[in-house]
$ cat query.txt   # compact mmCIF, C-alpha atoms and all ligand atoms
# COMPACT_ATOMS: atom_id res chain seq x y z
CA MET A 1 -57.04 35.93 -175.87
CA ILE A 2 -60.82 35.75 -175.67
CA ASP A 3 -62.45 39.07 -176.60
CA LYS A 4 -65.03 39.24 -173.86
CA MET A 5 -65.46 37.17 -170.72
CA SER A 6 -66.59 37.39 -167.12
CA ALA A 7 -63.81 38.33 -164.74
CA VAL A 8 -63.30 39.64 -161.24
CA VAL A 9 -61.13 42.74 -161.03
CA TYR A 10 -59.43 44.06 -157.91
CA THR A 11 -60.68 47.65 -158.12
CA ALA A 12 -59.75 49.29 -154.79
CA PRO A 13 -58.72 48.28 -151.28
CA ASN A 14 -61.42 45.97 -149.88
CA GLU A 15 -63.21 45.85 -153.22
CA VAL A 16 -63.34 43.35 -156.05
CA THR A 17 -65.78 43.84 -158.92
CA PHE A 18 -67.42 41.22 -161.11
CA VAL A 19 -67.29 42.42 -164.73
CA LYS A 20 -69.52 40.58 -167.20
CA ASP A 21 -67.87 41.71 -170.41
CA TYR A 22 -64.26 42.21 -169.45
CA GLN A 23 -61.91 43.02 -172.32
CA SER A 24 -58.36 41.91 -171.81
CA THR A 25 -55.58 44.20 -172.94
CA GLN A 26 -52.87 41.63 -172.27
CA GLN A 27 -50.76 40.72 -175.31
CA ASP A 28 -50.60 37.05 -176.27
CA ARG A 29 -47.09 35.66 -176.25
CA ASP A 30 -45.78 32.94 -178.56
CA ASP A 31 -45.50 30.29 -175.87
CA ASP A 32 -48.92 31.05 -174.32
CA VAL A 33 -51.81 28.64 -174.35
CA LEU A 34 -55.41 29.57 -173.61
CA LEU A 35 -57.14 27.96 -170.63
CA ARG A 36 -60.83 27.79 -169.84
CA ILE A 37 -60.72 28.19 -166.05
CA GLU A 38 -62.83 25.56 -164.25
CA SER A 39 -61.98 26.34 -160.64
CA VAL A 40 -59.74 28.88 -158.91
CA GLY A 41 -58.86 29.24 -155.23
CA ILE A 42 -58.72 32.44 -153.21
CA CYS A 43 -55.25 32.56 -151.64
CA GLY A 44 -54.04 34.36 -148.53
CA SER A 45 -51.91 36.48 -150.85
CA ASP A 46 -55.03 37.47 -152.83
CA MET A 47 -56.55 38.59 -149.52
CA HIS A 48 -53.37 40.52 -148.75
CA ALA A 49 -53.73 42.31 -152.09
CA TYR A 50 -57.46 42.87 -151.46
CA HIS A 51 -56.54 44.66 -148.25
CA GLY A 52 -54.34 46.99 -150.29
CA LYS A 53 -51.21 45.70 -148.58
CA ASP A 54 -49.32 44.29 -151.53
CA PRO A 55 -47.67 47.02 -153.62
CA ARG A 56 -46.97 44.44 -156.36
CA ARG A 57 -50.68 43.77 -156.91
CA LYS A 58 -52.25 47.07 -157.96
CA PRO A 59 -55.91 47.97 -158.56
CA GLY A 60 -56.98 46.94 -162.06
CA VAL A 61 -55.36 43.53 -161.88
CA ILE A 62 -57.25 40.25 -162.08
CA LEU A 63 -56.00 38.22 -159.11
CA GLY A 64 -56.01 34.44 -158.72
CA HIS A 65 -53.25 31.90 -159.29
CA GLU A 66 -54.55 28.59 -157.88
CA PHE A 67 -56.35 27.18 -160.86
CA CYS A 68 -57.64 24.17 -162.70
CA GLY A 69 -58.37 24.71 -166.38
CA GLU A 70 -58.91 23.04 -169.71
CA ILE A 71 -56.62 23.80 -172.64
CA VAL A 72 -58.51 25.44 -175.52
CA GLY A 73 -57.00 25.01 -178.99
CA GLY A 74 -53.66 23.64 -180.16
CA LYS A 75 -52.36 20.10 -180.03
CA ASN A 76 -53.22 19.65 -176.34
CA SER A 77 -56.76 20.96 -176.58
CA GLY A 78 -59.11 19.35 -174.07
CA LYS A 79 -56.44 18.38 -171.56
CA ILE A 80 -57.13 19.27 -167.91
CA VAL A 81 -54.27 21.12 -166.25
CA THR A 82 -53.10 23.09 -163.30
CA GLY A 83 -49.98 25.19 -163.43
CA ASN A 84 -47.13 26.88 -161.69
CA PRO A 85 -48.07 30.59 -161.57
CA LEU A 86 -44.42 31.61 -161.34
CA ILE A 87 -43.11 32.22 -164.83
CA THR A 88 -39.37 31.92 -164.43
CA CYS A 89 -36.53 32.68 -166.85
CA GLY A 90 -35.30 29.09 -167.19
CA VAL A 91 -31.68 30.12 -167.79
CA CYS A 92 -30.32 31.63 -164.55
CA SER A 93 -28.27 29.53 -162.11
CA TYR A 94 -31.26 29.03 -159.77
CA CYS A 95 -33.50 27.83 -162.59
CA LEU A 96 -30.78 25.46 -163.82
CA GLN A 97 -30.39 24.04 -160.28
CA GLY A 98 -34.13 23.23 -160.14
CA ARG A 99 -34.61 25.99 -157.55
CA ASP A 100 -36.79 27.96 -159.96
CA ASN A 101 -38.72 29.57 -157.06
CA LEU A 102 -35.59 31.64 -156.36
CA CYS A 103 -35.33 33.02 -159.91
CA SER A 104 -35.23 36.81 -159.75
CA ASP A 105 -36.35 37.30 -163.34
CA ARG A 106 -39.87 36.05 -162.87
CA ASP A 107 -43.43 37.07 -163.60
CA MET A 108 -46.43 35.85 -161.72
CA ILE A 109 -49.98 35.05 -162.76
CA GLY A 110 -52.40 37.26 -160.83
CA MET A 111 -49.72 39.85 -160.13
CA ASN A 112 -48.02 41.27 -163.18
CA ARG A 113 -49.94 39.03 -165.56
CA GLN A 114 -53.69 38.53 -165.73
CA GLY A 115 -54.84 36.05 -163.11
CA ALA A 116 -57.37 33.24 -162.98
CA PHE A 117 -60.42 34.96 -161.46
CA ALA A 118 -61.82 34.90 -164.98
CA GLN A 119 -63.41 32.55 -167.46
CA TYR A 120 -60.22 32.38 -169.53
CA MET A 121 -56.52 32.98 -168.98
CA ASN A 122 -53.28 32.80 -170.95
CA ILE A 123 -50.25 31.04 -169.53
CA PRO A 124 -46.98 29.73 -171.00
CA GLU A 125 -47.23 26.02 -171.78
CA LYS A 126 -44.07 25.19 -169.78
CA CYS A 127 -45.87 26.13 -166.53
CA LEU A 128 -48.58 23.51 -166.96
CA VAL A 129 -48.96 20.14 -165.27
CA GLU A 130 -51.56 17.75 -166.62
CA ALA A 131 -54.19 16.41 -164.23
CA PRO A 132 -56.22 13.21 -164.61
CA LYS A 133 -59.56 13.97 -166.30
CA ASP A 134 -61.62 12.35 -163.57
CA MET A 135 -60.26 14.54 -160.75
CA ASP A 136 -62.54 17.09 -159.12
CA PRO A 137 -61.48 20.53 -160.53
CA ASN A 138 -61.64 21.99 -157.00
CA HIS A 139 -59.05 19.45 -155.88
CA VAL A 140 -56.83 20.13 -158.89
CA ALA A 141 -56.98 23.85 -158.02
CA LEU A 142 -55.53 22.99 -154.59
CA THR A 143 -52.25 21.88 -156.19
CA GLU A 144 -50.61 25.28 -155.78
CA PRO A 145 -51.16 25.66 -152.00
CA ALA A 146 -50.40 21.94 -151.58
CA ALA A 147 -47.10 22.48 -153.43
CA THR A 148 -46.17 25.21 -150.93
CA VAL A 149 -46.84 22.69 -148.18
CA VAL A 150 -44.80 19.93 -149.87
CA HIS A 151 -41.91 22.40 -150.10
CA ALA A 152 -42.26 23.47 -146.44
CA VAL A 153 -42.48 19.93 -145.05
CA ASP A 154 -39.56 18.94 -147.25
CA ILE A 155 -37.46 21.73 -145.70
CA ALA A 156 -38.50 20.58 -142.20
CA ILE A 157 -37.50 17.00 -143.05
CA LYS A 158 -34.13 18.07 -144.47
CA GLU A 159 -33.24 20.47 -141.66
CA SER A 160 -34.41 18.43 -138.69
CA TYR A 161 -31.93 16.29 -136.76
CA MET A 162 -34.54 13.56 -136.16
CA PRO A 163 -36.87 11.74 -138.56
CA ILE A 164 -40.02 13.83 -138.92
CA LYS A 165 -42.27 11.09 -137.53
CA ASP A 166 -40.36 11.26 -134.21
CA CYS A 167 -40.60 15.06 -133.99
CA HIS A 168 -43.14 16.96 -131.92
CA VAL A 169 -44.36 19.55 -134.41
CA LEU A 170 -46.22 22.82 -133.93
CA VAL A 171 -48.24 24.10 -136.88
CA ILE A 172 -49.22 27.76 -136.55
CA GLY A 173 -52.40 28.67 -138.43
CA ALA A 174 -55.17 26.48 -139.81
CA GLY A 175 -55.98 28.35 -142.98
CA ALA A 176 -55.40 26.39 -146.18
CA ILE A 177 -51.61 26.22 -145.79
CA GLY A 178 -51.71 25.28 -142.10
CA LEU A 179 -54.48 22.74 -142.62
CA LEU A 180 -52.78 21.12 -145.63
CA THR A 181 -49.49 21.06 -143.67
CA SER A 182 -51.23 19.30 -140.78
CA LEU A 183 -52.87 16.81 -143.14
CA LEU A 184 -49.55 15.98 -144.82
CA LEU A 185 -47.84 15.59 -141.42
CA LYS A 186 -50.70 13.33 -140.34
CA SER A 187 -49.97 11.09 -143.33
CA TYR A 188 -46.42 10.74 -141.94
CA GLY A 189 -47.78 9.80 -138.50
CA VAL A 190 -46.44 12.96 -136.86
CA LYS A 191 -47.53 14.05 -133.36
CA MET A 192 -48.54 17.72 -133.55
CA GLN A 193 -50.24 20.70 -131.97
CA ILE A 194 -52.11 23.22 -134.14
CA LEU A 195 -52.72 26.89 -133.29
CA GLU A 196 -55.66 28.81 -134.76
CA THR A 197 -57.34 31.95 -133.46
CA ASN A 198 -60.42 31.65 -135.70
CA LEU A 199 -62.66 29.33 -133.67
CA ALA A 200 -64.85 28.68 -136.72
CA ARG A 201 -61.99 26.57 -138.07
CA HIS A 202 -61.46 24.36 -135.00
CA GLN A 203 -64.21 21.90 -135.94
CA CYS A 204 -62.69 21.35 -139.39
CA VAL A 205 -59.26 20.68 -137.85
CA LYS A 206 -60.78 18.18 -135.41
CA GLU A 207 -62.74 16.40 -138.12
CA HIS A 208 -60.00 16.16 -140.73
CA VAL A 209 -56.71 16.09 -138.81
CA GLY A 210 -58.04 14.48 -135.62
CA VAL A 211 -56.37 17.10 -133.41
CA SER A 212 -58.07 19.64 -131.11
CA ALA A 213 -56.71 23.00 -132.20
CA THR A 214 -55.44 25.44 -129.57
CA ASN A 215 -56.50 29.09 -129.48
CA PRO A 216 -53.27 30.87 -128.50
CA ILE A 217 -55.20 33.94 -127.32
CA THR A 218 -56.89 32.05 -124.48
CA GLN A 219 -54.73 28.94 -124.09
CA SER A 220 -51.03 28.91 -123.35
CA VAL A 221 -48.46 27.13 -125.47
CA LYS A 222 -45.62 25.32 -123.69
CA ASN A 223 -42.13 26.78 -123.93
CA GLU A 224 -39.24 24.65 -125.20
CA GLU A 225 -41.63 21.95 -126.38
CA PHE A 226 -41.30 21.49 -130.13
CA ASP A 227 -38.63 19.99 -132.39
CA VAL A 228 -40.12 21.58 -135.49
CA ILE A 229 -42.40 24.61 -135.90
CA ILE A 230 -44.05 25.47 -139.20
CA ASP A 231 -45.32 29.05 -139.02
CA CYS A 232 -48.02 29.52 -141.64
CA VAL A 233 -49.00 32.96 -140.30
CA GLY A 234 -45.74 34.88 -139.96
CA SER A 235 -46.84 37.73 -137.74
CA GLU A 236 -44.66 39.38 -135.10
CA LYS A 237 -46.65 37.51 -132.44
CA THR A 238 -46.23 34.10 -134.05
CA SER A 239 -42.54 34.55 -134.65
CA SER A 240 -41.86 35.47 -131.03
CA LEU A 241 -44.10 32.59 -129.91
CA SER A 242 -42.07 30.26 -132.16
CA PHE A 243 -38.83 31.29 -130.51
CA GLU A 244 -40.28 30.55 -127.07
CA ALA A 245 -41.84 27.23 -128.04
CA ILE A 246 -38.90 25.77 -129.99
CA LYS A 247 -36.59 23.26 -128.28
CA THR A 248 -32.81 23.49 -128.28
CA GLY A 249 -31.57 22.43 -131.71
CA GLY A 250 -35.04 22.76 -133.23
CA VAL A 251 -36.13 24.02 -136.63
CA ILE A 252 -38.52 26.89 -137.37
CA VAL A 253 -39.81 26.97 -140.95
CA ASN A 254 -41.35 30.34 -141.80
CA VAL A 255 -43.99 30.16 -144.53
CA GLY A 256 -46.48 32.94 -143.73
CA LEU A 257 -45.74 36.60 -144.31
CA GLN A 258 -48.42 38.54 -142.48
CA SER A 259 -45.78 40.93 -141.23
CA TRP A 260 -42.82 41.85 -143.43
CA THR A 261 -40.47 42.44 -140.51
CA SER A 262 -40.15 40.66 -137.20
CA SER A 263 -37.60 40.57 -134.42
CA VAL A 264 -35.56 37.41 -134.02
CA ASN A 265 -34.26 36.16 -130.67
CA ILE A 266 -30.67 36.03 -131.93
CA ARG A 267 -29.35 34.98 -128.49
CA LYS A 268 -31.49 31.83 -128.39
CA LEU A 269 -30.83 31.21 -132.09
CA THR A 270 -27.09 31.18 -131.37
CA LEU A 271 -26.79 29.59 -127.92
CA GLN A 272 -29.38 26.88 -128.59
CA GLU A 273 -28.57 26.34 -132.26
CA ILE A 274 -32.07 27.07 -133.52
CA LYS A 275 -32.47 26.89 -137.28
CA LEU A 276 -34.77 29.53 -138.74
CA VAL A 277 -35.47 28.74 -142.39
CA GLY A 278 -37.45 30.77 -144.90
CA CYS A 279 -39.71 28.96 -147.31
CA TYR A 280 -41.00 30.52 -150.52
CA THR A 281 -43.47 28.76 -152.82
CA TYR A 282 -42.24 25.59 -154.58
CA ASN A 283 -40.28 24.32 -157.50
CA MET A 284 -41.73 22.39 -160.44
CA GLU A 285 -40.98 19.04 -158.72
CA ASP A 286 -42.94 20.06 -155.60
CA PHE A 287 -45.79 21.05 -157.89
CA LYS A 288 -45.93 17.63 -159.55
CA SER A 289 -45.63 15.79 -156.19
CA ALA A 290 -48.44 17.91 -154.73
CA LEU A 291 -50.84 16.88 -157.51
CA LYS A 292 -49.93 13.19 -157.00
CA LEU A 293 -50.41 13.44 -153.22
CA ILE A 294 -53.82 15.09 -153.64
CA ARG A 295 -54.77 12.35 -156.09
CA SER A 296 -53.63 9.55 -153.77
CA GLY A 297 -55.58 10.94 -150.81
CA ASP A 298 -52.59 11.95 -148.65
CA PHE A 299 -54.36 15.24 -147.89
CA GLY A 300 -57.59 13.44 -146.94
CA ASN A 301 -60.97 13.81 -148.68
CA LEU A 302 -60.77 17.64 -149.02
CA SER A 303 -64.48 18.00 -148.35
CA TRP A 304 -63.72 21.25 -146.45
CA VAL A 305 -63.20 23.16 -149.72
CA LYS A 306 -66.14 25.51 -150.32
CA GLU A 307 -67.16 26.75 -153.76
CA TYR A 308 -68.97 29.85 -155.04
CA PRO A 309 -69.77 31.01 -158.57
CA LEU A 310 -67.31 33.65 -159.80
CA SER A 311 -70.14 36.20 -159.78
CA GLU A 312 -70.25 35.92 -155.96
CA ALA A 313 -66.54 36.69 -155.53
CA SER A 314 -67.24 39.99 -153.81
CA PHE A 315 -69.36 38.21 -151.17
CA ALA A 316 -66.74 35.50 -150.67
CA PHE A 317 -63.92 38.04 -150.24
CA ASN A 318 -65.99 39.94 -147.71
CA GLU A 319 -66.77 36.81 -145.69
CA LEU A 320 -63.08 35.91 -145.65
CA HIS A 321 -62.20 39.47 -144.68
CA ASN A 322 -64.57 39.31 -141.70
CA ASP A 323 -63.27 35.90 -140.61
CA ARG A 324 -66.75 34.45 -141.05
CA MET A 325 -65.60 31.63 -143.32
CA SER A 326 -65.23 28.34 -141.49
CA SER A 327 -63.77 26.70 -144.58
CA ALA A 328 -60.00 26.99 -144.97
CA LYS A 329 -60.28 27.27 -148.75
CA VAL A 330 -62.79 29.01 -150.96
CA VAL A 331 -62.76 28.33 -154.69
CA LEU A 332 -64.62 30.24 -157.40
CA ARG A 333 -66.25 28.56 -160.40
CA PRO A 334 -66.22 30.87 -163.46
CA HIS A 335 -68.62 28.87 -165.63
CA TYR A 336 -71.57 28.40 -163.24
ZN ZN B 1 -51.57 30.80 -153.43
ZN ZN B 2 -34.32 32.06 -163.60

$ encode --input "query.txt" --output "structure tokens"
Amino acid sequence: MIDKMSAVVYTAPNEVTFVKDYQSTQQDRDDDVLLRIESVGICGSDMHAYHGKDPRRKPGVILGHEFCGEIVGGKNSGKIVTGNPLITCGVCSYCLQGRDNLCSDRDMIGMNRQGAFAQYMNIPEKCLVEAPKDMDPNHVALTEPAATVVHAVDIAIKESYMPIKDCHVLVIGAGAIGLLTSLLLKSYGVKMQILETNLARHQCVKEHVGVSATNPITQSVKNEEFDVIIDCVGSEKTSSLSFEAIKTGGVIVNVGLQSWTSSVNIRKLTLQEIKLVGCYTYNMEDFKSALKLIRSGDFGNLSWVKEYPLSEASFAFNELHNDRMSSAKVVLRPHY
């Protein structure tokens, strides 16, 4: 590990602190490689931790798990990579089935290992996926949220009775996950409606997805209207809205986890054969597909990503906290 570097530490609820000469206490492991972090995204789960609502991410930790970096040292030195932040065991039945996201013996970057809101970070080599050198680092850093979306849309495709392009789809939320979901669905030619309460984001949805977003607080959403619903918020309100808006035989894919418990309309679920499917992160295959899809332009031009130097992390977190950020994704650049 590098002796001293700039890093952003989560210090207390609603507070992150930029530290110029951070000294890591994390032990290097044999299979670790050192990355020079080029770009790192602020995730909804980082915000959740920032609000003091994630008991797994405690003060003192360096958050951040959506990164693009350059390998420093070793035989692969100089290669540009992104990586799967879930460090799984590789030997349990889930890992062997390729469903490594369900491994229970896992660590995570930016949770119980040092994260990427720093100039350097260690990560096991097996987590890394190489990116083309000419790709914009901010786009490479989007691979992790895009992989979540690839996984979610894949579940919708597998569980739906009809081909996805013939489905009327409701996407709830137009943060990074909701927006990327909408963009991927657009590439399939899907007809959709998008819900977003933050009006600052409506223009971005219009410009990039070509759909006028609906504000569910002031506009009503039709009942029994959608074949597939992808809930990227996961609050009690959105889950009850989903159960009203889903058609008989429809599929609800739950991605967001704003609330950890919600009530389910078990009567409708049973009598109308609604499928409610949970969706957690991605497997290594989703991760590789996501990078390819970003590269090939399936998510559009991604010009909505907004960057700040790492030293302005505190400002960026605060803007996100106050819903003042019109951009669905903020990335930090540690070497500016
Ligand atoms: Zn994330
Ligand atoms: Zn495992």

$ atom_distance --input "query.txt" --atom1 "CA of Lys268 in chain A" --atom2 "CA of Ala156 in chain A"
19.1 Å

$ closest_atom_pairs --input "query.txt" --of "chain A" --to "ligand ZN 2 (chain B)" --cutoff "10 Å" --atoms "only C-alpha atoms and all ligand atoms" --output "Markdown table"
| residue | atom | partner | partner_atom | distance |
| --- | --- | --- | --- | --- |
| A:Ile87 | CA | B:ZN2 | ZN | 8.9 |
| A:Thr88 | CA | B:ZN2 | ZN | 5.1 |
| A:Cys89 | CA | B:ZN2 | ZN | 4.0 |
| A:Gly90 | CA | B:ZN2 | ZN | 4.8 |
| A:Val91 | CA | B:ZN2 | ZN | 5.3 |
| A:Cys92 | CA | B:ZN2 | ZN | 4.1 |
| A:Ser93 | CA | B:ZN2 | ZN | 6.7 |
| A:Tyr94 | CA | B:ZN2 | ZN | 5.8 |
| A:Cys95 | CA | B:ZN2 | ZN | 4.4 |
| A:Leu96 | CA | B:ZN2 | ZN | 7.5 |
| A:Gln97 | CA | B:ZN2 | ZN | 9.5 |
| A:Gly98 | CA | B:ZN2 | ZN | 9.5 |
| A:Arg99 | CA | B:ZN2 | ZN | 8.6 |
| A:Asp100 | CA | B:ZN2 | ZN | 6.0 |
| A:Asn101 | CA | B:ZN2 | ZN | 8.3 |
| A:Leu102 | CA | B:ZN2 | ZN | 7.4 |
| A:Cys103 | CA | B:ZN2 | ZN | 3.9 |
| A:Ser104 | CA | B:ZN2 | ZN | 6.2 |
| A:Asp105 | CA | B:ZN2 | ZN | 5.6 |
| A:Arg106 | CA | B:ZN2 | ZN | 6.9 |

$ residues_around --input "query.txt" --residues "range 168-183 of chain A" --least-positions-apart "2" --cutoff "9 Å" --atoms "all atoms listed in the file" --output "PDB file with C-alpha atoms, in the coordinates of the input"
ATOM      1  CA  CYS A  43     -55.250  32.560-151.640  1.00  0.00           C
ATOM      2  CA  GLY A  44     -54.040  34.360-148.530  1.00  0.00           C
ATOM      3  CA  PRO A 145     -51.160  25.660-152.000  1.00  0.00           C
ATOM      4  CA  ALA A 146     -50.400  21.940-151.580  1.00  0.00           C
ATOM      5  CA  THR A 148     -46.170  25.210-150.930  1.00  0.00           C
ATOM      6  CA  VAL A 149     -46.840  22.690-148.180  1.00  0.00           C
ATOM      7  CA  VAL A 150     -44.800  19.930-149.870  1.00  0.00           C
ATOM      8  CA  ALA A 152     -42.260  23.470-146.440  1.00  0.00           C
ATOM      9  CA  VAL A 153     -42.480  19.930-145.050  1.00  0.00           C
ATOM     10  CA  ILE A 164     -40.020  13.830-138.920  1.00  0.00           C
ATOM     11  CA  LYS A 165     -42.270  11.090-137.530  1.00  0.00           C
ATOM     12  CA  ASP A 166     -40.360  11.260-134.210  1.00  0.00           C
ATOM     13  CA  LEU A 185     -47.840  15.590-141.420  1.00  0.00           C
ATOM     14  CA  LYS A 186     -50.700  13.330-140.340  1.00  0.00           C
ATOM     15  CA  SER A 187     -49.970  11.090-143.330  1.00  0.00           C
ATOM     16  CA  TYR A 188     -46.420  10.740-141.940  1.00  0.00           C
ATOM     17  CA  VAL A 190     -46.440  12.960-136.860  1.00  0.00           C
ATOM     18  CA  LYS A 191     -47.530  14.050-133.360  1.00  0.00           C
ATOM     19  CA  MET A 192     -48.540  17.720-133.550  1.00  0.00           C
ATOM     20  CA  GLN A 193     -50.240  20.700-131.970  1.00  0.00           C
ATOM     21  CA  ILE A 194     -52.110  23.220-134.140  1.00  0.00           C
ATOM     22  CA  LEU A 195     -52.720  26.890-133.290  1.00  0.00           C
ATOM     23  CA  GLU A 196     -55.660  28.810-134.760  1.00  0.00           C
ATOM     24  CA  THR A 197     -57.340  31.950-133.460  1.00  0.00           C
ATOM     25  CA  ASN A 198     -60.420  31.650-135.700  1.00  0.00           C
ATOM     26  CA  ARG A 201     -61.990  26.570-138.070  1.00  0.00           C
ATOM     27  CA  HIS A 202     -61.460  24.360-135.000  1.00  0.00           C
ATOM     28  CA  CYS A 204     -62.690  21.350-139.390  1.00  0.00           C
ATOM     29  CA  VAL A 205     -59.260  20.680-137.850  1.00  0.00           C
ATOM     30  CA  HIS A 208     -60.000  16.160-140.730  1.00  0.00           C
ATOM     31  CA  VAL A 209     -56.710  16.090-138.810  1.00  0.00           C
ATOM     32  CA  ALA A 213     -56.710  23.000-132.200  1.00  0.00           C
ATOM     33  CA  GLU A 225     -41.630  21.950-126.380  1.00  0.00           C
ATOM     34  CA  PHE A 226     -41.300  21.490-130.130  1.00  0.00           C
ATOM     35  CA  ASP A 227     -38.630  19.990-132.390  1.00  0.00           C
ATOM     36  CA  VAL A 228     -40.120  21.580-135.490  1.00  0.00           C
ATOM     37  CA  ILE A 229     -42.400  24.610-135.900  1.00  0.00           C
ATOM     38  CA  ILE A 230     -44.050  25.470-139.200  1.00  0.00           C
ATOM     39  CA  ASP A 231     -45.320  29.050-139.020  1.00  0.00           C
ATOM     40  CA  CYS A 232     -48.020  29.520-141.640  1.00  0.00           C
ATOM     41  CA  VAL A 233     -49.000  32.960-140.300  1.00  0.00           C
ATOM     42  CA  GLY A 234     -45.740  34.880-139.960  1.00  0.00           C
ATOM     43  CA  THR A 238     -46.230  34.100-134.050  1.00  0.00           C
ATOM     44  CA  SER A 242     -42.070  30.260-132.160  1.00  0.00           C
ATOM     45  CA  ALA A 245     -41.840  27.230-128.040  1.00  0.00           C
ATOM     46  CA  ILE A 246     -38.900  25.770-129.990  1.00  0.00           C
ATOM     47  CA  VAL A 255     -43.990  30.160-144.530  1.00  0.00           C
ATOM     48  CA  GLY A 256     -46.480  32.940-143.730  1.00  0.00           C
ATOM     49  CA  ASP A 298     -52.590  11.950-148.650  1.00  0.00           C
ATOM     50  CA  PHE A 299     -54.360  15.240-147.890  1.00  0.00           C
ATOM     51  CA  GLY A 300     -57.590  13.440-146.940  1.00  0.00           C
ATOM     52  CA  SER A 327     -63.770  26.700-144.580  1.00  0.00           C
ATOM     53  CA  ALA A 328     -60.000  26.990-144.970  1.00  0.00           C
ATOM     54  CA  LYS A 329     -60.280  27.270-148.750  1.00  0.00           C
TER      55      LYS A 329
END

$ residues_near_ligand --input "query.txt" --ligand "ligand ZN 1 (chain B)" --cutoff "8 Å" --atoms "all atoms listed in the file" --output "list in words"
Gly41, Ile42, Cys43, Gly44, Ser45, Asp46, Gly64, His65, Glu66, Glu144 and Pro145 of chain A

$ atom_distance --input "query.txt" --atom1 "CA of Met108 in chain A" --atom2 "CA of Pro85 in chain A"
5.5 Å

$ atom_distance --input "query.txt" --atom1 "CA of Phe243 in chain A" --atom2 "CA of Asn265 in chain A"
6.7 Å

$ closest_residue --input "query.txt" --among "A:Gln119, A:Thr82, A:Tyr50, A:Asn215" --to "Ile2 in chain A" --atoms "only C-alpha atoms"
A:Gln119

$ closest_residue --input "query.txt" --among "A:Val253, A:Leu128, A:Val330, A:Ile217" --to "Leu86 in chain A" --atoms "all atoms listed in the file"
A:Leu128

$ residues_around --input "query.txt" --residues "Ile266 in chain A" --least-positions-apart "6" --cutoff "12 Å" --atoms "all atoms listed in the file" --output "mmCIF file with C-alpha atoms, in the coordinates of the input"
data_model
loop_
_atom_site.group_PDB
_atom_site.id
_atom_site.type_symbol
_atom_site.label_atom_id
_atom_site.label_comp_id
_atom_site.auth_asym_id
_atom_site.auth_seq_id
_atom_site.Cartn_x
_atom_site.Cartn_y
_atom_site.Cartn_z
ATOM 1 C CA SER A 240 -41.860 35.470 -131.030
ATOM 2 C CA PHE A 243 -38.830 31.290 -130.510
ATOM 3 C CA GLN A 272 -29.380 26.880 -128.590
ATOM 4 C CA GLU A 273 -28.570 26.340 -132.260
ATOM 5 C CA ILE A 274 -32.070 27.070 -133.520
ATOM 6 C CA LYS A 275 -32.470 26.890 -137.280
ATOM 7 C CA LEU A 276 -34.770 29.530 -138.740
#

$ axis_aligned_box --input "query.txt" --around "range 22-35 of chain A" --padding-each-side "3 Å" --output "AutoDock Vina command-line options"
--center_x -54.9 --center_y 36.1 --center_z -174.0 --size_x 24.8 --size_y 22.2 --size_z 15.1

$ closest_residue --input "query.txt" --among "A:Leu257, A:Val61, A:Ala131, A:Ile157" --to "His48 in chain A" --atoms "only C-alpha atoms"
A:Leu257

$ closest_residue --input "query.txt" --among "A:Leu310, A:Leu332, A:Cys167, A:Leu35" --to "Ala7 in chain A" --atoms "only C-alpha atoms"
A:Leu310

$ closest_residue --input "query.txt" --among "A:Gln114, A:Asn14, A:Asn84, A:Ser6" --to "Met47 in chain A" --atoms "all atoms listed in the file"
A:Asn14

$ closest_residue --input "query.txt" --among "A:Asn112, A:Ser259, A:Ser220, A:Thr270" --to "Leu63 in chain A" --atoms "all atoms listed in the file"
A:Asn112

$ residues_around --input "query.txt" --residues "Ser311 in chain A" --least-positions-apart "2" --cutoff "7 Å" --atoms "all atoms listed in the file" --output "NGL selection string"
:A and (18 or 309 or 313)

$ residues_around --input "query.txt" --residues "Ala200 in chain A" --least-positions-apart "3" --cutoff "8 Å" --atoms "only C-alpha atoms" --output "list in words"
Gln203, Arg324, Met325 and Ser326 of chain A

$ residues_near_point --input "query.txt" --point "(-65.1, 40.6, -176.2)" --cutoff "10 Å" --atoms "only C-alpha atoms" --output "list in words"
Met1, Ile2, Asp3, Lys4, Met5, Ser6, Asp21, Tyr22, Gln23 and Ser24 of chain A

$ residues_near_point --input "query.txt" --point "(-67.4, 41.9, -158.0)" --cutoff "10 Å" --atoms "all atoms listed in the file" --output "PyMOL selection string"
chain A and resi 7-11+15-20+310-317

$ build_atoms --input "query.txt" --residues "range 209-214 of chain A" --atoms "N, CA and C atoms" --output "CSV table (one decimal), keeping the file's coordinate frame"
chain,number,residue,atom,x,y,z
A,209,VAL,N,-58.1,16.4,-139.3
A,209,VAL,CA,-56.7,16.1,-138.8
A,209,VAL,C,-56.8,15.2,-137.6
A,210,GLY,N,-57.9,15.3,-136.8
A,210,GLY,CA,-58.0,14.5,-135.6
A,210,GLY,C,-57.3,15.1,-134.4
A,211,VAL,N,-57.1,16.4,-134.5
A,211,VAL,CA,-56.4,17.1,-133.4
A,211,VAL,C,-57.3,18.3,-132.9
A,212,SER,N,-57.3,18.5,-131.6
A,212,SER,CA,-58.1,19.6,-131.1
A,212,SER,C,-57.2,20.9,-131.2
A,213,ALA,N,-57.5,21.8,-132.0
A,213,ALA,CA,-56.7,23.0,-132.2
A,213,ALA,C,-56.7,23.8,-130.9
A,214,THR,N,-55.6,24.6,-130.7
A,214,THR,CA,-55.4,25.4,-129.6
A,214,THR,C,-55.7,26.9,-130.0
